[in-house]
Amino acid sequence: MSAAVTQPTLQDMTNTPPPAEELRLIDAELWQLDARRAQLLTRRAWLVAALQQLQTPQARPSLQPQWQAPRPPGSTPAAAPRPDASAPSVQNVLLVLGGVLLTVAAMVFTLVSWGHLGITGRALVLGAVTVAALGSPLLLLKRGLRSTAESVAGLGLALTVLDAVALHGAVFSETAGAPYTAVASALLAGLWTGYSFLPGADTLRLPRPAAVVAAQLPLFFWAIAADADSYGLTAALLVTAVSDTVLALRVTRRSVRVMATIGAYGVGAAGTLAAGWLTWTASGPSAAARAAALLLLASATTLGAAWQGSRTPHRAPGAEHSLGLALTAGLLTVAALGGVARSALPEVWTVPVHLALGIALLAALRADRLPETVRRGLLWASGAVQALSLLWTLPVVGVVVLGPLSWASQAWTGNPPDARAAVTANLTWPPYAGTVPLVLAALAGVLFLAVHDTTWRPRVLTAAPILLWAALLTVPAVLELPYAAGLLIQGATTAGALAVAVWRSRPVELVPALVVSASLALLSLATQSATLVTLGALVVLFAAASWRAAAVTAPTALGYAVALACATGAAADWSAPHTALLVLTVPAAAALLAWRLGDSPATVPIELTGAATALVAIAMAVTDLPMLALVLALCAVISAGTAIREDRRPLGYAAAALFLLATWVRLAAWEVGTPEAYTLPVTIPALLVGHLRRRRVPETSSWTAYGPGLAATLLPSLVTAWGDPDWTRPLLLGLAALSLTLMGGGYSLQAPLVLGGSVLTLDALHELAPYIVQVADALPRWVPPALAGLLLLALGATYERRIRDVRRMRDFLGSLH
């Protein structure tokens with residue numbers, strides 16, 4: 001077989017074969033090269049696989065070369081069947097199944113056939129089977145059968161457990177289950193550990209993890225055998241978890257480290273939960289101290305694991321969880337020491353003590369010897385304790401802030417005996433709330449003093465004052481101060497929050513001031529004098545703050561001014577419609593203030609507040625028509641005054657609409673039913689505006705200038721005239737329509753001409769309607785259909801003539817082209 005195509009010589013070129021033959025030769029030569037390359041690649045892959053399996057004699061492949069005959073060009077190679085499972089997978093499944101079946105057989109033998117043998121037979125069977133099961137893996141390992149050795153070793157370990165169960169039933173049947181389990185599990189753990197150190201057995205993967213599993217039982221069952229109480233059982237669990245933690249941190253074998261880590265987490269979690277329950281249910285300082293010792297043991301173990309995990313992350317179990325372990329250690333320490341304090345102090349001090357312990361964890365900031373991960377975990381633990389303390393205070397803060405809402409439905413009904421009664425008129429005061437102000441103040445101080453990070457510092461400077469305001473708010477209710485003192489303290493809190501927000505020029509910080517002021521206003525509704533004084537003070541306070549934050553504080557001041565106006569009217573025994581006149585002073589002040597501010601960002605909020613206040617005044621006066629007309633007229637005056645500004649000219653339309661509406665309401669109050677009394681006030685100004693518009697812009701259409709004004713009066717009058725049996729209204733309407741028609745014809749104005757003529761015609765038809773009806777009754781029944789048919793024929797003929805003219809024009813234009 002040639003390896004390559006040779007270069008043709010001069011003699012060969014003289015005997016060049018035909019092109020087809022030469023192409024066939026070249027294809028054959030290329031195919032041979034590809035076949036040879038494929039054979040070499042196949043052989044190489046086989047050699048690589050053989051080298052990888054040389055350590056397993058039973059899986060060593062045959063060293064005979066597997067040559068495949070080359071196929072001629074054009075033939076398709078037969079696809080080899082692809083195996084469903086690899087050889088190692090099949091091997092492992094078979095070995096596992098074999099071990100399981102042998103274990104089941106041993107269990108059946110132990111449980112069923114054991115009683116048919118004597119003492120000697122039992123001993124011989126136990127010894128023979130156990131020695132064979134534990135000795136076979138050593139021989140198998142020497143022959144390189146590792147997987148089979150693992151399966152047989154697993155069977156041997158299972159047989160030792162069955163032997164322990166069988167011995168208890170046959171030899172130690174009088175021994176209680178708990179002590180026997182403790183001794184047996186300890187012996188099994190030692191036996192499996194020693195077996196794993198035998199020469200040749202140290203490569204087995206099962207004995208040492210199995211020994212770790214067995215080691216979880218001795219202490220716990222020993223405690224049960226010793227009739228230990230809950231504290232003893234919990235201590236047994238925690239000591240076992242400590243042993244697992246030390247083992248996980250010290251060993252290098254991965255299987256043992258993983259099993260020890262699982263035991264440390266599982267047994268440790270059970271012991272920690274039990275210790276936490278003992279701390280929560282401790283009946284006295286002694287019991288709490290014992291439970292705290294258990295929790296501190298769990299905390300120390302967790303902290304040690306976190307420390308070691310931070311220092312040697314490549315060996316320590318769960319090194320990536322060091323932060324969580326440190327966080328857990330901090331929380332366990334707080335729970336342990338806090339439980340002792342709770343048992344010795346009144347329950348009202350439970351949360352402050354836990355908070356103090358959580359704050360003490362911040363000492364980790366100065367512990368340079370601690371790893372960074374551990375320090376961050378302790379800091380997070382401190383933050384978690386502080387967050388839980390803050391959640392504990394929220395019910396009290398919610399009652400203080402939202403409780404005054406109940407006075408909105410029972411304003412001026414009595415003087416509360418103290419500040420707590422004022423905020424709990426329809427609510428229940430939370431228990432153990434006496435230390436809420438202290439907790440909130442401590443949280444504010446910690447935030448302000450401990451956080452110096454440039455990213456978090458601005459947020460802290462916002463949150464700390466809020467916590468301080470909340471603490472001050474709760475003081476009167478917590479201490480049950482007099483009602484007046486509560487109002488003064490809450491007012492001072494509002495002023496302080498507002499001053500800080502204005503001084504720092506941060507609108508978001510105005511939210512606490514707004515919330516506190518609203519709560520104060522509601523709280524003052526208990527008595528009349530408190531309401532008037534508080535609302536007046538709030539108006540002055542927010543008005544004074546408007547020199548730097550007018551966009552928020554000025555509308556707020558106007559809102560409280562509305563409330564003060566309503567309260568003043570109620571105190572003077574005024575009705576709601578009369579009080580609306582006092583409320584209208586607020587929109588007037590808003591309009592003047594907006595005019596004074598000009599293009600300030602506060603202008604629009606102030607104007608919107610004034611408009612909303614005007615709507616409130618209108619709603620208050622709606623039950624008294626004369627007063628409603630006056631209110632609408634005053635609102636129109638305010639709108640007209642605002643429309644004087646160049647950028648508020650569209651408000652002139654609103655002013656006109658309000659004036660018109662005020663006129664209509666006044667007419668309705670006078671019980672005027674003539675429609676012209678309502679329409680003429682619209683028509684006259686509209687015609688005047690249209691006339692001025694045409695003088696300024698001569699090209700303005702008469703329909704735009706005069707159409708709306710004329711229609712506003714003519715159409716309602718025409719509708720009324722058609723239902724009026726008297727002759728006066730139709731006559732006057734006809735004369736007015738005739739005048740408009742003549743005026744429109746004289747001045748060549750289409751709108752007066754068309755509207756006047758249409759109304760005149762319809763008015764005349766109204767007068768002739770009785771006679772037309774009489775004539776229609778006198779005509780035969782066939783006349784109306786005949787007239788309709790003639791009309792349709794005439795229209796059709798006209799349409800056809802128009803079409804014919806269009807066609808002639810088209811033909812004419814076509815001939816020109």
# chains A, B, ... in the order shown; residues from 1 in each chain; ligands from 1
>>> select_by_dssp(residues="range 208-416 of chain A", states="helix (DSSP H, G or I)", output="PyMOL selection string")
chain A and resi 208-214+218-225+230-250+254-280+285-311+319-344+347-366+372-409
>>> residues_around(residues="range 543-558 of chain A", least_positions_apart="6", cutoff="8 Å", atoms="only C-alpha atoms", output="mmCIF file with all heavy atoms, in the first residue's frame")
data_model
loop_
_atom_site.group_PDB
_atom_site.id
_atom_site.type_symbol
_atom_site.label_atom_id
_atom_site.label_comp_id
_atom_site.auth_asym_id
_atom_site.auth_seq_id
_atom_site.Cartn_x
_atom_site.Cartn_y
_atom_site.Cartn_z
ATOM 1 N N LEU A 498 -38.899 68.406 62.673
ATOM 2 C CA LEU A 498 -39.018 69.354 61.569
ATOM 3 C C LEU A 498 -37.781 70.233 61.459
ATOM 4 O O LEU A 498 -37.287 70.515 60.350
ATOM 5 C CB LEU A 498 -40.272 70.207 61.777
ATOM 6 C CG LEU A 498 -40.659 71.144 60.634
ATOM 7 C CD1 LEU A 498 -40.922 70.357 59.364
ATOM 8 C CD2 LEU A 498 -41.892 71.961 61.016
ATOM 9 N N ALA A 499 -37.241 70.646 62.597
ATOM 10 C CA ALA A 499 -36.055 71.503 62.568
ATOM 11 C C ALA A 499 -34.851 70.764 61.979
ATOM 12 O O ALA A 499 -34.096 71.319 61.176
ATOM 13 C CB ALA A 499 -35.740 71.993 63.987
ATOM 14 N N VAL A 502 -35.362 70.349 58.168
ATOM 15 C CA VAL A 502 -35.170 71.607 57.441
ATOM 16 C C VAL A 502 -33.706 72.032 57.458
ATOM 17 O O VAL A 502 -33.157 72.505 56.455
ATOM 18 C CB VAL A 502 -36.071 72.700 58.049
ATOM 19 C CG1 VAL A 502 -35.754 74.052 57.445
ATOM 20 C CG2 VAL A 502 -37.532 72.354 57.818
ATOM 21 N N SER A 505 -31.853 69.966 55.036
ATOM 22 C CA SER A 505 -32.361 70.122 53.661
ATOM 23 C C SER A 505 -32.541 68.776 52.969
ATOM 24 O O SER A 505 -32.143 68.577 51.822
ATOM 25 C CB SER A 505 -31.415 71.018 52.840
ATOM 26 O OG SER A 505 -31.332 72.296 53.412
ATOM 27 N N PRO A 507 -35.631 66.392 52.086
ATOM 28 C CA PRO A 507 -37.094 66.243 52.139
ATOM 29 C C PRO A 507 -37.556 64.906 52.683
ATOM 30 O O PRO A 507 -38.619 64.816 53.301
ATOM 31 C CB PRO A 507 -37.507 66.426 50.667
ATOM 32 C CG PRO A 507 -36.383 67.194 50.047
ATOM 33 C CD PRO A 507 -35.145 66.749 50.748
ATOM 34 N N VAL A 586 -58.218 80.118 53.247
ATOM 35 C CA VAL A 586 -57.015 79.336 52.942
ATOM 36 C C VAL A 586 -56.709 79.363 51.447
ATOM 37 O O VAL A 586 -55.560 79.615 51.056
ATOM 38 C CB VAL A 586 -57.163 77.901 53.474
ATOM 39 C CG1 VAL A 586 -55.944 77.060 53.092
ATOM 40 C CG2 VAL A 586 -57.345 77.929 54.986
ATOM 41 N N ALA A 590 -53.406 80.894 49.782
ATOM 42 C CA ALA A 590 -52.583 80.079 48.878
ATOM 43 C C ALA A 590 -52.337 80.806 47.560
ATOM 44 O O ALA A 590 -51.228 80.769 47.012
ATOM 45 C CB ALA A 590 -53.254 78.733 48.633
ATOM 46 N N PRO A 601 -40.345 75.950 43.158
ATOM 47 C CA PRO A 601 -40.892 74.583 43.127
ATOM 48 C C PRO A 601 -42.080 74.380 44.047
ATOM 49 O O PRO A 601 -42.839 73.426 43.861
ATOM 50 C CB PRO A 601 -39.696 73.724 43.569
ATOM 51 C CG PRO A 601 -38.495 74.539 43.278
ATOM 52 C CD PRO A 601 -38.910 75.975 43.479
ATOM 53 N N ALA A 602 -42.261 75.254 45.007
ATOM 54 C CA ALA A 602 -43.382 75.110 45.931
ATOM 55 C C ALA A 602 -44.671 75.699 45.387
ATOM 56 O O ALA A 602 -45.734 75.506 45.985
ATOM 57 C CB ALA A 602 -43.045 75.788 47.263
ATOM 58 N N THR A 603 -44.623 76.408 44.261
ATOM 59 C CA THR A 603 -45.808 77.094 43.759
ATOM 60 C C THR A 603 -46.920 76.112 43.404
ATOM 61 O O THR A 603 -48.073 76.270 43.820
ATOM 62 C CB THR A 603 -45.441 77.943 42.526
ATOM 63 O OG1 THR A 603 -44.441 78.896 42.898
ATOM 64 C CG2 THR A 603 -46.665 78.662 41.992
ATOM 65 N N PRO A 605 -47.420 72.839 44.317
ATOM 66 C CA PRO A 605 -48.057 72.192 45.481
ATOM 67 C C PRO A 605 -48.970 73.111 46.269
ATOM 68 O O PRO A 605 -50.035 72.689 46.730
ATOM 69 C CB PRO A 605 -46.855 71.732 46.320
ATOM 70 C CG PRO A 605 -45.741 71.579 45.349
ATOM 71 C CD PRO A 605 -45.950 72.667 44.339
ATOM 72 N N ILE A 606 -48.566 74.371 46.397
ATOM 73 C CA ILE A 606 -49.411 75.315 47.134
ATOM 74 C C ILE A 606 -50.719 75.555 46.388
ATOM 75 O O ILE A 606 -51.811 75.585 46.991
ATOM 76 C CB ILE A 606 -48.638 76.625 47.364
ATOM 77 C CG1 ILE A 606 -47.517 76.403 48.370
ATOM 78 C CG2 ILE A 606 -49.575 77.733 47.835
ATOM 79 C CD1 ILE A 606 -46.607 77.585 48.542
ATOM 80 N N THR A 609 -52.973 72.591 46.723
ATOM 81 C CA THR A 609 -53.583 72.561 48.058
ATOM 82 C C THR A 609 -54.726 73.567 48.155
ATOM 83 O O THR A 609 -55.787 73.280 48.740
ATOM 84 C CB THR A 609 -52.515 72.873 49.117
ATOM 85 O OG1 THR A 609 -51.446 71.937 48.990
ATOM 86 C CG2 THR A 609 -53.101 72.769 50.511
ATOM 87 N N GLY A 610 -54.520 74.768 47.585
ATOM 88 C CA GLY A 610 -55.604 75.756 47.586
ATOM 89 C C GLY A 610 -56.814 75.278 46.812
ATOM 90 O O GLY A 610 -57.967 75.475 47.244
#
>>> residues_around(residues="Leu449 in chain A", least_positions_apart="5", cutoff="12 Å", atoms="only C-alpha atoms", output="PyMOL selection string")
chain A and resi 359+362+442-444+457+460-461+464
>>> write_last_selection(atoms="C-alpha atoms", output="tab-separated table (two decimals), in the first residue's frame")
chain	number	residue	atom	x	y	z
A	359	ILE	CA	-24.45	45.57	71.74
A	362	LEU	CA	-19.74	44.97	68.90
A	442	ALA	CA	-30.11	52.76	72.91
A	443	LEU	CA	-30.61	51.69	69.31
A	444	ALA	CA	-30.29	55.30	68.15
A	457	ARG	CA	-23.14	56.83	57.54
A	460	VAL	CA	-27.47	56.14	59.89
A	461	LEU	CA	-27.83	59.89	60.21
A	464	ALA	CA	-30.89	57.47	64.30
>>> residues_around(residues="Trp703 in chain A", least_positions_apart="3", cutoff="8 Å", atoms="only C-alpha atoms", output="count of residues only")
5
>>> atom_distance(atom1="CA of Thr424 in chain A", atom2="CA of Gly403 in chain A")
5.8 Å
>>> residues_around(residues="range 327-339 of chain A", least_positions_apart="2", cutoff="7 Å", atoms="only C-alpha atoms", output="list in words")
Thr279, Trp280, Ala288, Ala292, Leu295, Leu296, Ser299, Ala300, Thr302, Leu303, Leu323, Gly324, Leu325, Ala341, Arg342, Ser343, Val353, His354, Leu357, Gly358, Gly377, Leu378, Trp380 and Ala381 of chain A
>>> residues_around(residues="range 486-495 of chain A", least_positions_apart="4", cutoff="9 Å", atoms="only C-alpha atoms", output="PyMOL selection string")
chain A and resi 418-420+469-470+472-477+480-482+499-500+512-517+519-520+523-524+530+534+537-538+541-542
>>> atom_distance(atom1="CA of Pro137 in chain A", atom2="CA of Val152 in chain A")
6.1 Å
